[in-house]
Amino acid sequence: MPKMVFIAADGVTRTEVDAPLGLSVLEIAHRNGIDLEGACEGSLACSTCHVVVDPAFFDKLEEPKEEEEDMLDLAFGLTHTSRLGCQILMTDELDGLVVRLPVATRNMMVDKR
Ligand code: FES
């Protein structure tokens, strides 16, 4: 089973978790109680699943769709290796993937919980 690592917004706390193939980084976060919001549940209508990908893995990711680029433009704390967590699907190549949670997200959707 591939693994991946989430680094908390504090930049220090590392959590290594199982990363089943085909699941998105957002789904993996939710399964493991990682504080990544994902307000639109992967429908590219928010930017609350923004993660900062470790540069060592960034080039292994599929190119982002235009919709993802548009949403990322709205993300707070955008970096050169920012991606939307719901759009990164786990593959064998990404085993060991490291992503950091951004310091803050901007949520423009109504919280339904
Ligand atoms: Fe909304 Fe990823 S969860 S764009």
# chains A, B, ... in the order shown; residues from 1 in each chain; ligands from 1
$ residues_near_ligand --ligand "ligand 1" --cutoff "9 Å" --atoms "only C-alpha atoms and all ligand atoms" --output "PDB file with C-alpha atoms, in the first residue's frame"
ATOM      1  CA  LEU A  26      -8.623  15.011  -0.190  1.00  0.00           C
ATOM      2  CA  LEU A  36      -8.256  19.638   4.922  1.00  0.00           C
ATOM      3  CA  GLU A  37     -11.661  21.054   4.224  1.00  0.00           C
ATOM      4  CA  GLY A  38     -12.790  20.294   0.675  1.00  0.00           C
ATOM      5  CA  ALA A  39     -16.047  22.241   0.852  1.00  0.00           C
ATOM      6  CA  CYS A  40     -17.302  21.242  -2.601  1.00  0.00           C
ATOM      7  CA  GLU A  41     -16.263  17.593  -2.245  1.00  0.00           C
ATOM      8  CA  GLY A  42     -14.087  17.524  -5.307  1.00  0.00           C
ATOM      9  CA  SER A  43     -16.273  19.287  -7.855  1.00  0.00           C
ATOM     10  CA  LEU A  44     -13.750  22.070  -8.550  1.00  0.00           C
ATOM     11  CA  ALA A  45     -16.001  24.735  -7.080  1.00  0.00           C
ATOM     12  CA  CYS A  46     -13.874  25.869  -4.174  1.00  0.00           C
ATOM     13  CA  SER A  47     -10.238  26.108  -3.215  1.00  0.00           C
ATOM     14  CA  THR A  48     -10.476  24.818   0.328  1.00  0.00           C
ATOM     15  CA  CYS A  49      -8.669  21.582  -0.576  1.00  0.00           C
ATOM     16  CA  HIS A  50      -5.533  23.581  -1.511  1.00  0.00           C
ATOM     17  CA  GLU A  68      -8.254  23.765 -11.290  1.00  0.00           C
ATOM     18  CA  MET A  71      -9.760  27.857  -8.571  1.00  0.00           C
ATOM     19  CA  LEU A  72      -6.144  27.898  -7.430  1.00  0.00           C
ATOM     20  CA  LEU A  84      -6.091  21.157  -5.263  1.00  0.00           C
ATOM     21  CA  GLY A  85      -6.061  18.047  -3.110  1.00  0.00           C
ATOM     22  CA  CYS A  86      -9.230  16.652  -4.659  1.00  0.00           C
ATOM     23  CA  GLN A  87      -7.526  16.576  -8.068  1.00  0.00           C
TER      24      GLN A  87
END
$ residues_around --residues "Ile34 in chain A" --least-positions-apart "6" --cutoff "12 Å" --atoms "only C-alpha atoms" --output "mmCIF file with all heavy atoms, in the first residue's frame"
data_model
loop_
_atom_site.group_PDB
_atom_site.id
_atom_site.type_symbol
_atom_site.label_atom_id
_atom_site.label_comp_id
_atom_site.auth_asym_id
_atom_site.auth_seq_id
_atom_site.Cartn_x
_atom_site.Cartn_y
_atom_site.Cartn_z
ATOM 1 N N VAL A 5 2.412 11.628 3.170
ATOM 2 C CA VAL A 5 2.653 12.386 4.396
ATOM 3 C C VAL A 5 1.972 13.741 4.289
ATOM 4 O O VAL A 5 2.091 14.423 3.270
ATOM 5 C CB VAL A 5 4.176 12.593 4.611
ATOM 6 C CG1 VAL A 5 4.437 13.509 5.804
ATOM 7 C CG2 VAL A 5 4.882 11.253 4.798
ATOM 8 N N PHE A 6 1.237 14.083 5.326
ATOM 9 C CA PHE A 6 0.667 15.435 5.431
ATOM 10 C C PHE A 6 1.485 16.217 6.441
ATOM 11 O O PHE A 6 1.729 15.730 7.558
ATOM 12 C CB PHE A 6 -0.777 15.381 5.935
ATOM 13 C CG PHE A 6 -1.746 14.853 4.920
ATOM 14 C CD1 PHE A 6 -2.084 13.506 4.898
ATOM 15 C CD2 PHE A 6 -2.305 15.693 3.974
ATOM 16 C CE1 PHE A 6 -2.978 13.006 3.951
ATOM 17 C CE2 PHE A 6 -3.188 15.207 3.023
ATOM 18 C CZ PHE A 6 -3.535 13.867 3.011
ATOM 19 N N ILE A 7 1.907 17.412 6.067
ATOM 20 C CA ILE A 7 2.563 18.310 7.017
ATOM 21 C C ILE A 7 1.534 19.374 7.387
ATOM 22 O O ILE A 7 0.923 19.994 6.507
ATOM 23 C CB ILE A 7 3.816 18.950 6.403
ATOM 24 C CG1 ILE A 7 4.798 17.830 6.025
ATOM 25 C CG2 ILE A 7 4.447 19.937 7.377
ATOM 26 C CD1 ILE A 7 6.083 18.304 5.417
ATOM 27 N N ALA A 8 1.308 19.529 8.682
ATOM 28 C CA ALA A 8 0.287 20.467 9.153
ATOM 29 C C ALA A 8 0.677 21.905 8.806
ATOM 30 O O ALA A 8 1.826 22.186 8.463
ATOM 31 C CB ALA A 8 0.088 20.311 10.657
ATOM 32 N N ALA A 9 -0.311 22.794 8.932
ATOM 33 C CA ALA A 9 -0.079 24.197 8.606
ATOM 34 C C ALA A 9 1.032 24.810 9.447
ATOM 35 O O ALA A 9 1.628 25.819 9.063
ATOM 36 C CB ALA A 9 -1.379 24.984 8.778
ATOM 37 N N THR A 13 4.379 19.421 12.153
ATOM 38 C CA THR A 13 3.733 18.146 12.458
ATOM 39 C C THR A 13 3.560 17.309 11.196
ATOM 40 O O THR A 13 2.916 17.736 10.238
ATOM 41 C CB THR A 13 2.341 18.403 13.087
ATOM 42 O OG1 THR A 13 2.480 19.384 14.096
ATOM 43 C CG2 THR A 13 1.765 17.125 13.670
ATOM 44 N N ARG A 14 4.166 16.117 11.191
ATOM 45 C CA ARG A 14 4.065 15.226 10.030
ATOM 46 C C ARG A 14 3.184 14.045 10.372
ATOM 47 O O ARG A 14 3.347 13.427 11.411
ATOM 48 C CB ARG A 14 5.442 14.669 9.655
ATOM 49 C CG ARG A 14 6.398 15.688 9.110
ATOM 50 C CD ARG A 14 7.783 15.086 9.007
ATOM 51 N NE ARG A 14 7.831 14.017 8.006
ATOM 52 C CZ ARG A 14 8.225 14.202 6.754
ATOM 53 N NH1 ARG A 14 8.609 15.385 6.352
ATOM 54 N NH2 ARG A 14 8.240 13.187 5.909
ATOM 55 N N THR A 15 2.270 13.727 9.496
ATOM 56 C CA THR A 15 1.415 12.563 9.703
ATOM 57 C C THR A 15 1.544 11.662 8.492
ATOM 58 O O THR A 15 1.218 12.071 7.372
ATOM 59 C CB THR A 15 -0.066 12.997 9.848
ATOM 60 O OG1 THR A 15 -0.145 14.047 10.806
ATOM 61 C CG2 THR A 15 -0.938 11.826 10.295
ATOM 62 N N GLU A 16 2.057 10.438 8.704
ATOM 63 C CA GLU A 16 2.169 9.497 7.588
ATOM 64 C C GLU A 16 0.948 8.591 7.595
ATOM 65 O O GLU A 16 0.573 8.063 8.643
ATOM 66 C CB GLU A 16 3.443 8.660 7.700
ATOM 67 C CG GLU A 16 3.637 7.817 6.447
ATOM 68 C CD GLU A 16 4.902 6.968 6.489
ATOM 69 O OE1 GLU A 16 5.947 7.461 6.050
ATOM 70 O OE2 GLU A 16 4.816 5.820 6.950
ATOM 71 N N VAL A 17 0.339 8.436 6.433
ATOM 72 C CA VAL A 17 -0.894 7.646 6.357
ATOM 73 C C VAL A 17 -0.837 6.705 5.157
ATOM 74 O O VAL A 17 -0.054 6.916 4.222
ATOM 75 C CB VAL A 17 -2.136 8.563 6.236
ATOM 76 C CG1 VAL A 17 -2.272 9.469 7.452
ATOM 77 C CG2 VAL A 17 -2.091 9.396 4.960
ATOM 78 N N VAL A 25 -6.078 12.944 -2.737
ATOM 79 C CA VAL A 25 -5.429 13.430 -1.510
ATOM 80 C C VAL A 25 -6.486 13.934 -0.527
ATOM 81 O O VAL A 25 -6.375 13.746 0.682
ATOM 82 C CB VAL A 25 -4.396 14.520 -1.869
ATOM 83 C CG1 VAL A 25 -3.955 15.305 -0.644
ATOM 84 C CG2 VAL A 25 -3.184 13.880 -2.551
ATOM 85 N N LEU A 26 -7.543 14.530 -1.061
ATOM 86 C CA LEU A 26 -8.623 15.011 -0.190
ATOM 87 C C LEU A 26 -9.296 13.837 0.532
ATOM 88 O O LEU A 26 -9.518 13.891 1.749
ATOM 89 C CB LEU A 26 -9.654 15.780 -1.024
ATOM 90 C CG LEU A 26 -10.861 16.293 -0.245
ATOM 91 C CD1 LEU A 26 -10.451 17.343 0.770
ATOM 92 C CD2 LEU A 26 -11.918 16.852 -1.194
ATOM 93 N N GLU A 27 -9.606 12.777 -0.213
ATOM 94 C CA GLU A 27 -10.255 11.612 0.410
ATOM 95 C C GLU A 27 -9.337 10.968 1.450
ATOM 96 O O GLU A 27 -9.782 10.555 2.524
ATOM 97 C CB GLU A 27 -10.629 10.580 -0.659
ATOM 98 C CG GLU A 27 -11.773 11.038 -1.539
ATOM 99 C CD GLU A 27 -11.912 10.182 -2.795
ATOM 100 O OE1 GLU A 27 -10.897 9.875 -3.452
ATOM 101 O OE2 GLU A 27 -13.045 9.832 -3.121
ATOM 102 N N ILE A 28 -8.066 10.908 1.120
ATOM 103 C CA ILE A 28 -7.104 10.312 2.054
ATOM 104 C C ILE A 28 -7.035 11.159 3.328
ATOM 105 O O ILE A 28 -7.011 10.633 4.444
ATOM 106 C CB ILE A 28 -5.719 10.174 1.389
ATOM 107 C CG1 ILE A 28 -5.810 9.176 0.230
ATOM 108 C CG2 ILE A 28 -4.671 9.732 2.406
ATOM 109 C CD1 ILE A 28 -4.613 9.198 -0.702
ATOM 110 N N CYS A 49 -9.474 22.813 -0.656
ATOM 111 C CA CYS A 49 -8.669 21.582 -0.576
ATOM 112 C C CYS A 49 -7.243 21.866 -1.037
ATOM 113 O O CYS A 49 -6.488 20.949 -1.333
ATOM 114 C CB CYS A 49 -9.296 20.486 -1.420
ATOM 115 S SG CYS A 49 -9.374 20.932 -3.159
ATOM 116 N N VAL A 51 -3.486 22.298 -1.325
ATOM 117 C CA VAL A 51 -2.312 21.779 -0.622
ATOM 118 C C VAL A 51 -1.053 22.256 -1.355
ATOM 119 O O VAL A 51 -1.095 22.547 -2.553
ATOM 120 C CB VAL A 51 -2.282 20.230 -0.560
ATOM 121 C CG1 VAL A 51 -3.404 19.695 0.322
ATOM 122 C CG2 VAL A 51 -2.327 19.601 -1.939
ATOM 123 N N GLY A 85 -6.205 19.415 -3.608
ATOM 124 C CA GLY A 85 -6.061 18.047 -3.110
ATOM 125 C C GLY A 85 -7.055 17.072 -3.717
ATOM 126 O O GLY A 85 -6.766 15.887 -3.858
ATOM 127 N N VAL A 99 2.701 16.440 1.152
ATOM 128 C CA VAL A 99 2.010 17.712 0.916
ATOM 129 C C VAL A 99 1.884 18.453 2.237
ATOM 130 O O VAL A 99 1.783 17.850 3.293
ATOM 131 C CB VAL A 99 0.597 17.539 0.286
ATOM 132 C CG1 VAL A 99 0.656 16.755 -1.015
ATOM 133 C CG2 VAL A 99 -0.378 16.897 1.258
ATOM 134 N N ARG A 100 1.887 19.782 2.136
ATOM 135 C CA ARG A 100 1.730 20.620 3.334
ATOM 136 C C ARG A 100 0.392 21.331 3.256
ATOM 137 O O ARG A 100 -0.045 21.707 2.156
ATOM 138 C CB ARG A 100 2.870 21.638 3.393
ATOM 139 C CG ARG A 100 2.838 22.536 4.597
ATOM 140 C CD ARG A 100 4.110 23.356 4.719
ATOM 141 N NE ARG A 100 4.361 24.249 3.593
ATOM 142 C CZ ARG A 100 3.683 25.383 3.371
ATOM 143 N NH1 ARG A 100 2.700 25.752 4.176
ATOM 144 N NH2 ARG A 100 3.979 26.134 2.331
ATOM 145 N N LEU A 101 -0.254 21.486 4.374
ATOM 146 C CA LEU A 101 -1.506 22.236 4.392
ATOM 147 C C LEU A 101 -1.165 23.720 4.406
ATOM 148 O O LEU A 101 -0.246 24.132 5.113
ATOM 149 C CB LEU A 101 -2.334 21.882 5.635
ATOM 150 C CG LEU A 101 -2.635 20.398 5.821
ATOM 151 C CD1 LEU A 101 -3.606 20.216 6.992
ATOM 152 C CD2 LEU A 101 -3.244 19.775 4.570
#
$ select_by_dssp --residues "chain A" --states "alpha helix (DSSP H)" --output "number ranges by chain"
A: 25-31, 55-58, 66-72
$ write_last_selection --atoms "N, CA, C and O atoms" --output "tab-separated table (two decimals), in the first residue's frame"
chain	number	residue	atom	x	y	z
A	25	VAL	N	-6.08	12.94	-2.74
A	25	VAL	CA	-5.43	13.43	-1.51
A	25	VAL	C	-6.49	13.93	-0.53
A	25	VAL	O	-6.37	13.75	0.68
A	26	LEU	N	-7.54	14.53	-1.06
A	26	LEU	CA	-8.62	15.01	-0.19
A	26	LEU	C	-9.30	13.84	0.53
A	26	LEU	O	-9.52	13.89	1.75
A	27	GLU	N	-9.61	12.78	-0.21
A	27	GLU	CA	-10.25	11.61	0.41
A	27	GLU	C	-9.34	10.97	1.45
A	27	GLU	O	-9.78	10.56	2.52
A	28	ILE	N	-8.07	10.91	1.12
A	28	ILE	CA	-7.10	10.31	2.05
A	28	ILE	C	-7.03	11.16	3.33
A	28	ILE	O	-7.01	10.63	4.44
A	29	ALA	N	-7.05	12.47	3.16
A	29	ALA	CA	-7.02	13.36	4.32
A	29	ALA	C	-8.24	13.09	5.20
A	29	ALA	O	-8.12	12.95	6.43
A	30	HIS	N	-9.41	13.02	4.58
A	30	HIS	CA	-10.63	12.84	5.37
A	30	HIS	C	-10.65	11.50	6.10
A	30	HIS	O	-11.10	11.41	7.24
A	31	ARG	N	-10.16	10.46	5.44
A	31	ARG	CA	-10.11	9.14	6.09
A	31	ARG	C	-9.24	9.14	7.33
A	31	ARG	O	-9.36	8.28	8.18
A	55	PRO	N	8.21	19.87	-3.68
A	55	PRO	CA	8.74	20.02	-5.04
A	55	PRO	C	9.24	18.71	-5.65
A	55	PRO	O	9.19	18.52	-6.86
A	56	ALA	N	9.70	17.80	-4.82
A	56	ALA	CA	10.23	16.53	-5.33
A	56	ALA	C	9.14	15.71	-6.03
A	56	ALA	O	9.44	14.84	-6.84
A	57	PHE	N	7.88	15.99	-5.71
A	57	PHE	CA	6.79	15.23	-6.29
A	57	PHE	C	5.98	16.02	-7.31
A	57	PHE	O	5.20	15.45	-8.07
A	58	PHE	N	6.18	17.32	-7.32
A	58	PHE	CA	5.30	18.17	-8.12
A	58	PHE	C	5.29	17.77	-9.60
A	58	PHE	O	4.23	17.69	-10.23
A	66	GLU	N	-7.82	23.32	-16.56
A	66	GLU	CA	-7.99	24.77	-16.52
A	66	GLU	C	-8.85	25.20	-15.32
A	66	GLU	O	-8.58	26.19	-14.66
A	67	GLU	N	-9.90	24.41	-15.06
A	67	GLU	CA	-10.78	24.75	-13.93
A	67	GLU	C	-10.00	24.75	-12.62
A	67	GLU	O	-10.26	25.56	-11.73
A	68	GLU	N	-9.05	23.81	-12.52
A	68	GLU	CA	-8.25	23.77	-11.29
A	68	GLU	C	-7.38	25.01	-11.19
A	68	GLU	O	-7.29	25.63	-10.12
A	69	GLU	N	-6.76	25.39	-12.31
A	69	GLU	CA	-5.93	26.60	-12.30
A	69	GLU	C	-6.76	27.82	-11.86
A	69	GLU	O	-6.30	28.63	-11.07
A	70	ASP	N	-7.98	27.90	-12.39
A	70	ASP	CA	-8.84	29.04	-12.06
A	70	ASP	C	-9.14	29.08	-10.56
A	70	ASP	O	-9.11	30.14	-9.94
A	71	MET	N	-9.44	27.91	-10.00
A	71	MET	CA	-9.76	27.86	-8.57
A	71	MET	C	-8.52	28.16	-7.74
A	71	MET	O	-8.60	28.86	-6.73
A	72	LEU	N	-7.37	27.66	-8.19
A	72	LEU	CA	-6.14	27.90	-7.43
A	72	LEU	C	-5.81	29.38	-7.36
A	72	LEU	O	-5.28	29.86	-6.37
$ closest_residue --among "A:Asp95, A:Lys65, A:Asp59, A:Val103" --to "Gly77 in chain A" --atoms "only C-alpha atoms"
A:Val103
